[in-house]
Amino acid sequence: MTGTRHFTLLHQAFQRGIAPLSKLRPRFFTSASVVKVDININQTSNPAMASINPPATPEGVPACSEKPLPKLTPSEFRQYNRMAEHMDYYHNHFRSTWTLMMTACEKNKRPDGMSIRQFLQTGQQLCSSLTMHHGIEEAHIFPVLARKMPAFQKELELLTQHKEIHKGLDQLEEYLEACRSGERELRLGELKKVLDTFGEVLWQHLDDEVKQLGAENMRKYWTLDEMKRLPM
């Protein structure tokens with residue numbers, strides 16, 4: 001599914017009420033949920049997917065070589081960097097929307113040609129898209145990567161960042177809905193205070209996640225053949 005199609009479907013679902021935000025909240029993994037996902041992966045009828053889950057070391061993480069790695073060919077780099085590029089494509093949507101909203105707040109002026117209703121809808125789309133994006137990551141991507149990569153295991157930095165981001169998103173969603181319904185007047189100074197509560201962790205997370213999925217890091221944990229079968 002292309003990135004444009006991905007966000008179009010999210011927006012359509014949000015507008016039709018098919019996927020209420022309250023039902024799209026990411027379910028942060030407990031140890032039990034991680035085990036359940038791992039079992040499902042190992043028992044899949046697709047042997048290709050099962051093969052990317054090698055036996056773990058006693059510490060729970062397959063060992064990675066510390067020896068200097070040979071230089072990647074351009075083709076190898078593209079394959080190892082595939083997930084980072086794909087993830088950054090989605091992240092750029094979030095960065096763009098965030099920048100539009102924050103710029104309006106700092107200038108105390110909505111973008112030219114954008115009505116209050118359109119501005120509020122833009123913010124609500126950011127909330128719904130980020131919620132769906134993180135839900136997909138936690139259900140389908142992080143559990144697989146966590147088999148070898150510590151950064152994607154439960155309660156470590158990336159998942160902790162998700163939690164912090166969604167504390168702010170909850171406040172943003174509540175504020176925008178109150179403005180949309182007429183319960184309160186949109187004040188860009190107030191909106192900026194809400195955005196400031198999670199802006200730093202959001203931008204750090206968008207960068208950290210892509211860095212973890214970059215070619216030079218991925219090659220430490222996965223073979224080229226495994227890369228072809230990783231989700232995304």
# chains A, B, ... in the order shown; residues from 1 in each chain; ligands from 1

$ select_by_dssp --residues "region 98-184 of chain A" --states "alpha helix (DSSP H)" --output "ChimeraX atom specification"
/A:98-107,116-136,142-145,157-181

$ atom_distance --atom1 "CA of Ser115 (chain A)" --atom2 "CA of Thr99 (chain A)"
17.2 Å

$ closest_residue --among "A:Leu158, A:Ile116, A:Met232, A:Met227" --to "Tyr80 (chain A)" --atoms "only C-alpha atoms"
A:Met227

$ residues_around --residues "region 88-98 of chain A" --least-positions-apart "2" --cutoff "7 Å" --atoms "only C-alpha atoms" --output "number ranges by chain"
A: 3, 84-86, 100-102, 126, 206, 210

$ write_last_selection --atoms "C-alpha atoms" --output "short mmCIF file (atom, residue, chain, number, x, y, z; two decimals), in the first residue's frame"
data_model
loop_
_atom_site.label_atom_id
_atom_site.label_comp_id
_atom_site.auth_asym_id
_atom_site.auth_seq_id
_atom_site.Cartn_x
_atom_site.Cartn_y
_atom_site.Cartn_z
CA GLY A 3 1.93 6.12 1.63
CA ALA A 84 14.22 3.19 7.07
CA GLU A 85 13.22 4.85 3.80
CA HIS A 86 9.70 3.51 4.04
CA LEU A 100 2.22 23.72 9.66
CA MET A 101 0.41 23.80 12.99
CA MET A 102 3.35 25.05 15.05
CA LEU A 126 -2.45 14.17 12.69
CA LEU A 206 10.67 10.17 14.44
CA VAL A 210 14.48 5.78 11.32
#

$ atom_distance --atom1 "CA of Glu76 (chain A)" --atom2 "CA of Leu224 (chain A)"
7.5 Å

$ closest_residue --among "A:Cys105, A:Leu130, A:Ala215, A:Met114" --to "Phe77 (chain A)" --atoms "only C-alpha atoms"
A:Ala215

$ closest_residue --among "A:Cys179, A:Leu188, A:Ile165, A:Leu172" --to "Leu202 (chain A)" --atoms "only C-alpha atoms"
A:Ile165

$ residues_around --residues "Leu120 (chain A)" --least-positions-apart "5" --cutoff "9 Å" --atoms "only C-alpha atoms" --output "VMD selection string"
chain A and resid 115 125 176 to 177 179 to 180 186
